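Participant: Just passing along the structure, written as structure tokens.
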Amino acid sequence: MVRVIGRGMFSEEYRGGKPLKAVYALVDDERVTVTLGIQVSSFTLNVILPAGISFYTFQSLAYTVEVFRRKVEPVERYVTIASYLSFFPLLVAGPIERPTHLLPQFLRPRTTNRDMWRQGIWLICWGLFKKMVVADNMARIVGDVFGPYDHLTGTAIIPHDGLRLLLGIYAFALQIYGDFSGYTDIARGVSKLFGFDVMLNFKLPYAALSPSDFWRRWHISLSTWLRDYLYIPLGGSRGGIFLTYRNLFLTMLLGGLWHGASWTFVLWGAYHGALLIVYRLLDLRPEDKNYPRWANALLWLVMLHLTCLGWLLFRAKNVATIGVFFQSILLHPHGSPEALAAFKSLVFFGWLLLLFQVVQYAMKTLDPMARWHWFIRLNVWILVIMSLLALASAQGTEFIYFAF
């Protein structure tokens, strides 16, 4: 039996004329009354996570495959394997942990020390800064730029201030990085407080010099998962040049589809697969070769904008939007008062993150705080905390990767 109340719909199972349970399919109303007499708000339903979310599924598949390959001994205790698969800091947006790394930590006593607490608390605060100060404020710029085209179905008027649209792409690059890496930092920080060491998921991705270098730095847990459980089983680079390129392309294409059943995600995956192939064809491997500094700087600038082009494909809700952005940026690369305002906001909310990333790159460490004098650390802490209190967006947004 299916009953419809307003715009919400749920199904009921009966036995002996009495309802046993109600399963929700869609809830649009503020409050829905269940036949059992229990009222559940839409807020409560939004908190409940589906059991088949992708990060949970990928982690389960990794365990199954590694047990099959006899690289991991099957765990007999249900509580242990359930704790590993549903470890709460990682459950909704990763990283996608491997059983060879995280599972043994559930099988031995864990201890914490002063250094783990220092790192954990810093990662939590820095992750909150990335999300609440950088990503959420960038979301306003991105919404203003992309929003008018999110439901575009036909032709649209091409804006004559292409610089504003370009700044919108830059803002989304900062938004998605601050949003996703911010969550990862928080997850890693919370894990450290419990005595767990969670894998690194981001390593200065916008410092990449090539597509392969980018995927060694961005969403490392997913890229290595796709490599080990998709690319290599397809044949990897063992079947000759053509099959290697085919395997690369299919891996990235399926990686795009993992993000959603949309043509823009398909294009995004295909685009990154094509980039990997082109760089291999040109034998551009700056991470493995010693190029002059000016060549590395040029390769970095090119890769940064190739990455941002990919973010345009990722953020666009439809293919028509991509055409509008291309035409506006290439044919009308002009500014406007709105473009100037977007630029000021981008710099104001993003400068500290960018500066810190430059320092991390220059010092060749992701934890420069450990090397600084206590007075410098104190001032960085004050700046981060005051930014959270004063600059955090009042209209917080959901983490982007909650949708995947």
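Letters A, B, ... go to the chains of the structure tokens in the order shown; residues in each chain start at 1; ligands are counted from 1 in the same order.
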So that I can see what lies close to A:Leu309, please list as an NGL selection string the residues with an atom at most 10 Å from it, counting only C-alpha atoms and leaving out residues fewer than 2 positions away in the same chain.

Facilitator: :A and (166 or 169-170 or 173 or 268 or 271 or 303-307 or 311-314 or 322 or 326)

Participant: Show me, as a VMD selection string, the residues that have an atom within 12 Å of A:Asn296 when counting only C-alpha atoms, minus same-chain residues fewer than 4 positions from it.

Facilitator: chain A and resid 207 to 210 284 to 292 300 to 304

Participant: With C-alpha atoms retained, could you export that selection as a short mmCIF file (atom, residue, chain, number, x, y, z; two decimals), in the first residue's frame?

Facilitator:
```cif
data_model
loop_
_atom_site.label_atom_id
_atom_site.label_comp_id
_atom_site.auth_asym_id
_atom_site.auth_seq_id
_atom_site.Cartn_x
_atom_site.Cartn_y
_atom_site.Cartn_z
CA ALA A 207 51.20 22.57 -7.00
CA ALA A 208 50.97 19.72 -9.53
CA LEU A 209 53.02 19.95 -12.72
CA SER A 210 51.18 17.26 -14.71
CA LEU A 284 55.94 15.31 -20.24
CA ARG A 285 56.95 13.94 -16.84
CA PRO A 286 58.17 16.91 -14.79
CA GLU A 287 57.84 14.96 -11.56
CA ASP A 288 60.41 12.43 -12.87
CA LYS A 289 62.66 14.67 -14.98
CA ASN A 290 64.90 17.62 -14.16
CA TYR A 291 63.48 20.53 -16.14
CA PRO A 292 64.76 24.11 -15.70
CA TRP A 300 52.68 24.50 -13.28
CA LEU A 301 50.77 27.45 -14.76
CA VAL A 302 49.46 25.31 -17.62
CA MET A 303 48.43 22.46 -15.31
CA LEU A 304 46.71 24.85 -12.91
#
```

Participant: Just checking: using only C-alpha atoms, which residue out of A:Leu91, A:Thr64, A:Pro159, A:Pro104 ends up closest to A:Glu338?

Facilitator: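 When distances to A:Glu338 are compared using only C-alpha atoms, the smallest one comes from A:Pro159.
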
Participant: Please list as a PyMOL selection string every residue within 10 Å of A:Leu200, counting only C-alpha atoms and excluding residues in the same chain fewer than 4 positions away.

Facilitator: chain A and resi 95+97+181+184-185+188+217-221

Participant: Suppose you want the space between atom CA of A:Pro109 and atom CA of A:Glu66; what is it in Å?

Facilitator: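 Separation of atom CA of A:Pro109 and atom CA of A:Glu66: 23.2 Å.
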
Participant: Pick the closest to A:Phe194 from A:Gly127, A:Pro211, A:Gly120, A:Gly273: which is it, counting only C-alpha atoms?

Facilitator: A:Gly120

Participant: So which residues touch A:Thr244 within 12 Å, counting only C-alpha atoms, skipping near sequence neighbours fewer than 5 positions away, as a PyMOL selection string?

Facilitator: chain A and resi 231-239+249-251+273+276-277+280-281
